[in-house]
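J.: Next up is a structure, given as structure tokens.
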Amino acid sequence: MRAWILLGLITFVFAKHEHYIGWKTFHVRPSNDVQLKTFGSLIQQLDLDVLGHATTQREGLVLVQPDQLEAFTSLMDGQGIAYRIHADDIKSKLDYDDMLIEEAHNATKARNGARLPYDNYQTWEAIEAYLDDVARRFPNRATLVNAGQSFEGRNLKYLKISSTNFEDKSKPVIVIDGGIHAREWISPPTVTWAIRKLVEDVTEPDLLDRFDWILFPVVNPDGYRFTFTNNRFWRKTRSTDQSALGSICPGVDGNRNYDFFWNTVGTSSNACADTFAGRRAFSEVEVRAVRDILHEHLPRIALYLTMHSFGSMILYPWGHDGSLSNNALGLHTVGIAMADAINSKALSHFPRYVVGNSVLVIGYAASGASEDYAHSIGVPFSYTYELPGLNSGMQGFVLEPRYIQQVCEETWLGIVAGARRAGDIFRK
Ligand SMILES: *[C@@H]1O[C@H](CO)[C@@H](O)[C@H](O)[C@H]1NC(C)=O
Ligand SMILES: [Zn+2]
């Protein structure tokens, strides 16, 4: 029996979500660009917690705390932006999610399969054990790198996957990271699935012949673990050294911590906010690990993807101000190729992917994100994936476990298409 299965047997311990009694979630539906922008400024004004991004074509989902409910509804009414309640009783939704996850967990246990399972969300320990195991089983293709320790001392492990041990410098490099936002649980499995498709179950051998890969499934292990043990909606890191309030309000938004227009827009200097940018750019050791990967391989990196959820979107720079980069045409072309590939395989009751500049699609700007940083230092094709999430009819919050593999499979098609298209255009 493999190590990660043993770890998988450890029972999930969920807090009972009491913290969220009285909180509510709302679907929001801005009907045009003006409303989308207005909604973007309400997010800033009320420090709303966006769980799913709205577009003018698509409802978003926001989490509102009890003392903001009145301000939220009156401002939305005042602006004439459509909204409707999603969850009056968040605790019961979260309990429902827990039940589904426990059910899937029981099924995995009963089957006792050998590979990393995709019928449920995995603990950080299980993912770490899987990376160790792949590197051990496929030494000619996969190299385990430990980039150091997270704030709380967990290993920051990623895999380098290459048919030449990264020695053929003419090959473009593709970098994919996941799990920087702790609660976005669908992100890490799309990255481990890419590992599987490059090493264990290869159906696109050209991707190994043509490219070297860096796959980093859980950039923020402390936060990820905290969402399993304490607080399902935790988004940030768990550092306590970034403000005087650090012990009361730990953590920094890792995707606001990069040094590109750092802390200028769509961020907060309040340590208790979910978009707290940190005391300074690159304050977070987890973010520095990704930065160092980008710089180490920079001239060869053709494509950088960072996996988030949710919204079924492929977003490209510049996310800090909505302007277009000199490579905007290329970014759009490769983005469309990825979205088309995903849409060809997507389930009919999931929303189709939209592609565009981050600000133009979601209606608000945010600085210090990895997508912008990678592009600013010279990575030509840099994207944020907002993976699929809640869709109509779902009773819980997270994407139900039975859809994890579907999302991994369709996302892989996007990665394949993106790698090939970016590789065709990329010149060292
Ligand atoms: C999972 O298994 C445990 C122990 O066998 C059982 O008590 C529990 O009810 C099961 N949960 C679900 C949701 O099936
Ligand atoms: Zn995110």
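Chain labels A, B, ... are given in the sequence in which chains occur in the structure tokens; within each chain residues are numbered consecutively from 1, and ligands are likewise numbered from 1 in the order shown.
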Quick one: everything within 6 Å of A:Val252, counting only C-alpha atoms, minus sequence neighbours fewer than 3 positions away in the same chain. Send it as a PyMOL selection string.

T.: chain A and resi 236-237+276-278

J.: Produce a file of the selected residues containing N, CA, C and O atoms, as a compact mmCIF listing (two decimals), in the first residue's frame.

T.:
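part_14.txt, written as the output of this step:
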```
# COMPACT_ATOMS: atom_id res chain seq x y z
N LYS A 236 -5.53 33.11 2.89
CA LYS A 236 -4.18 33.66 2.95
C LYS A 236 -3.15 32.63 3.43
O LYS A 236 -3.47 31.49 3.72
N THR A 237 -1.92 33.10 3.55
CA THR A 237 -0.90 32.32 4.25
C THR A 237 -1.22 32.34 5.74
O THR A 237 -2.28 32.83 6.15
N PHE A 276 -5.02 41.37 2.30
CA PHE A 276 -3.85 42.02 2.91
C PHE A 276 -2.59 41.70 2.08
O PHE A 276 -2.29 40.54 1.83
N ALA A 277 -1.90 42.77 1.67
CA ALA A 277 -0.78 42.60 0.74
C ALA A 277 0.54 42.27 1.44
O ALA A 277 1.53 41.99 0.78
N GLY A 278 0.54 42.31 2.78
CA GLY A 278 1.77 42.06 3.53
C GLY A 278 2.47 43.37 3.87
O GLY A 278 2.08 44.44 3.41
```

J.: Which residues are near ligand 2 - at most 7 Å, using only C-alpha atoms and all ligand atoms? Format: as a PyMOL selection string.

T.: chain A and resi 181+184+308-309

J.: Grab me every residue within 8 Å of ligand 1, counting only C-alpha atoms and all ligand atoms, and send it over as a count of residues only.

T.: 8

J.: My list of candidates is A:Leu208, A:Gly368, A:Ser150, A:Val361. Which is closest to A:Arg280 when distances are computed with only C-alpha atoms?

T.: A:Gly368

J.: Pick out each residue of stretch 18-154 of chain A that DSSP on the backbone tags as alpha helix (DSSP H); I need them as a count of residues only.

T.: 61

J.: Report as JSON, numbers by chain: the residues of stretch 116-363 of chain A with a DSSP assignment of strand (DSSP E), based on the backbone of this structure.

T.: {"A": [142, 143, 144, 145, 146, 147, 148, 149, 155, 156, 157, 158, 159, 160, 161, 173, 174, 175, 176, 177, 178, 212, 213, 214, 215, 216, 301, 302, 303, 304, 305, 306, 307, 308, 309, 313, 314, 315, 316, 354, 355, 356, 357]}

J.: Could you name the residues that touch stretch 375-388 of chain A at 8 Å or less, counting only C-alpha atoms, but leaving out those on the same chain fewer than 2 positions away, as a PyMOL selection string?

T.: chain A and resi 186-187+260+298-299+301-317+327+330-331+334-335+350-351+371-373+390+399+407+422+426

J.: Taking 4 positions as the minimum chain separation for residues in the same chain, which residues sit within 9 Å of stretch 220-225 of chain A when counting only C-alpha atoms? Answer as a PDB file with C-alpha atoms, in the first residue's frame.

T.:
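Heads up, here's the output in around07.pdb:
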```pdb
ATOM      1  CA  THR A 123      -4.917  16.558   2.446  1.00  0.00           C
ATOM      2  CA  TRP A 124      -1.636  18.385   2.092  1.00  0.00           C
ATOM      3  CA  GLU A 125       0.103  15.379   3.623  1.00  0.00           C
ATOM      4  CA  SER A 150       6.594  27.523   4.775  1.00  0.00           C
ATOM      5  CA  PHE A 151       6.031  29.974   7.612  1.00  0.00           C
ATOM      6  CA  GLU A 152       4.836  27.128   9.828  1.00  0.00           C
ATOM      7  CA  GLY A 153       7.632  24.832   8.686  1.00  0.00           C
ATOM      8  CA  ARG A 154       6.031  22.660   6.023  1.00  0.00           C
ATOM      9  CA  ASN A 155       8.102  21.682   3.012  1.00  0.00           C
ATOM     10  CA  LEU A 156       7.551  23.691  -0.167  1.00  0.00           C
ATOM     11  CA  GLY A 178      -1.696  25.825  -7.453  1.00  0.00           C
ATOM     12  CA  GLY A 179      -2.983  26.279  -3.956  1.00  0.00           C
ATOM     13  CA  ILE A 180      -1.714  29.798  -3.263  1.00  0.00           C
ATOM     14  CA  HIS A 181      -5.267  30.642  -2.185  1.00  0.00           C
ATOM     15  CA  ALA A 182      -5.906  28.058   0.481  1.00  0.00           C
ATOM     16  CA  ARG A 183      -9.654  27.536   0.135  1.00  0.00           C
ATOM     17  CA  GLU A 184      -9.612  27.017  -3.627  1.00  0.00           C
ATOM     18  CA  TRP A 185      -9.519  23.266  -3.252  1.00  0.00           C
ATOM     19  CA  THR A 229      -8.681  21.738  10.162  1.00  0.00           C
ATOM     20  CA  ASN A 230     -10.117  25.104  11.156  1.00  0.00           C
ATOM     21  CA  TRP A 234      -9.242  30.681   4.759  1.00  0.00           C
ATOM     22  CA  ARG A 235      -7.508  32.265   1.758  1.00  0.00           C
ATOM     23  CA  LYS A 236      -4.178  33.660   2.947  1.00  0.00           C
ATOM     24  CA  THR A 237      -0.895  32.323   4.251  1.00  0.00           C
ATOM     25  CA  ARG A 238      -0.536  31.845   8.015  1.00  0.00           C
ATOM     26  CA  SER A 239       2.363  34.189   8.760  1.00  0.00           C
ATOM     27  CA  GLY A 251      -1.697  35.678   6.933  1.00  0.00           C
ATOM     28  CA  GLY A 254      -0.119  35.451  -1.542  1.00  0.00           C
ATOM     29  CA  GLU A 286       5.850  30.731  -0.146  1.00  0.00           C
ATOM     30  CA  VAL A 287       5.597  33.553  -2.697  1.00  0.00           C
TER      31      VAL A 287
END
```

J.: Please compute the atom CA of A:Ala82-atom CA of A:Arg29 distance, one decimal, in Å.

T.: 5.1 Å

J.: If we count only C-alpha atoms and set the cut-off at 8 Å, which residues sit around A:Cys272, ignoring sequence neighbours fewer than 4 positions away in its own chain? Please answer as an mmCIF file with all heavy atoms, in the first residue's frame.

T.:
```cif
data_model
loop_
_atom_site.group_PDB
_atom_site.id
_atom_site.type_symbol
_atom_site.label_atom_id
_atom_site.label_comp_id
_atom_site.auth_asym_id
_atom_site.auth_seq_id
_atom_site.Cartn_x
_atom_site.Cartn_y
_atom_site.Cartn_z
ATOM 1 N N LEU A 245 -0.841 43.132 14.461
ATOM 2 C CA LEU A 245 -2.015 42.305 14.719
ATOM 3 C C LEU A 245 -1.796 40.839 14.321
ATOM 4 O O LEU A 245 -2.730 40.051 14.307
ATOM 5 C CB LEU A 245 -3.212 42.834 13.909
ATOM 6 C CG LEU A 245 -3.772 44.194 14.289
ATOM 7 C CD1 LEU A 245 -4.818 44.642 13.276
ATOM 8 C CD2 LEU A 245 -4.373 44.119 15.690
ATOM 9 N N CYS A 249 -4.734 38.393 13.557
ATOM 10 C CA CYS A 249 -5.088 38.300 12.138
ATOM 11 C C CYS A 249 -3.866 37.872 11.335
ATOM 12 O O CYS A 249 -3.182 38.689 10.724
ATOM 13 C CB CYS A 249 -5.588 39.654 11.619
ATOM 14 S SG CYS A 249 -7.182 40.138 12.285
ATOM 15 N N PRO A 250 -3.566 36.572 11.355
ATOM 16 C CA PRO A 250 -2.402 36.122 10.611
ATOM 17 C C PRO A 250 -2.669 36.113 9.109
ATOM 18 O O PRO A 250 -3.809 36.190 8.663
ATOM 19 C CB PRO A 250 -2.180 34.699 11.129
ATOM 20 C CG PRO A 250 -3.506 34.263 11.638
ATOM 21 C CD PRO A 250 -4.263 35.493 12.055
ATOM 22 N N PHE A 276 -5.021 41.373 2.298
ATOM 23 C CA PHE A 276 -3.845 42.022 2.906
ATOM 24 C C PHE A 276 -2.595 41.700 2.080
ATOM 25 O O PHE A 276 -2.290 40.544 1.828
ATOM 26 C CB PHE A 276 -3.689 41.520 4.342
ATOM 27 C CG PHE A 276 -2.493 42.060 5.070
ATOM 28 C CD1 PHE A 276 -2.171 43.417 5.034
ATOM 29 C CD2 PHE A 276 -1.685 41.209 5.823
ATOM 30 C CE1 PHE A 276 -1.066 43.909 5.722
ATOM 31 C CE2 PHE A 276 -0.581 41.687 6.515
ATOM 32 C CZ PHE A 276 -0.273 43.045 6.459
#
```
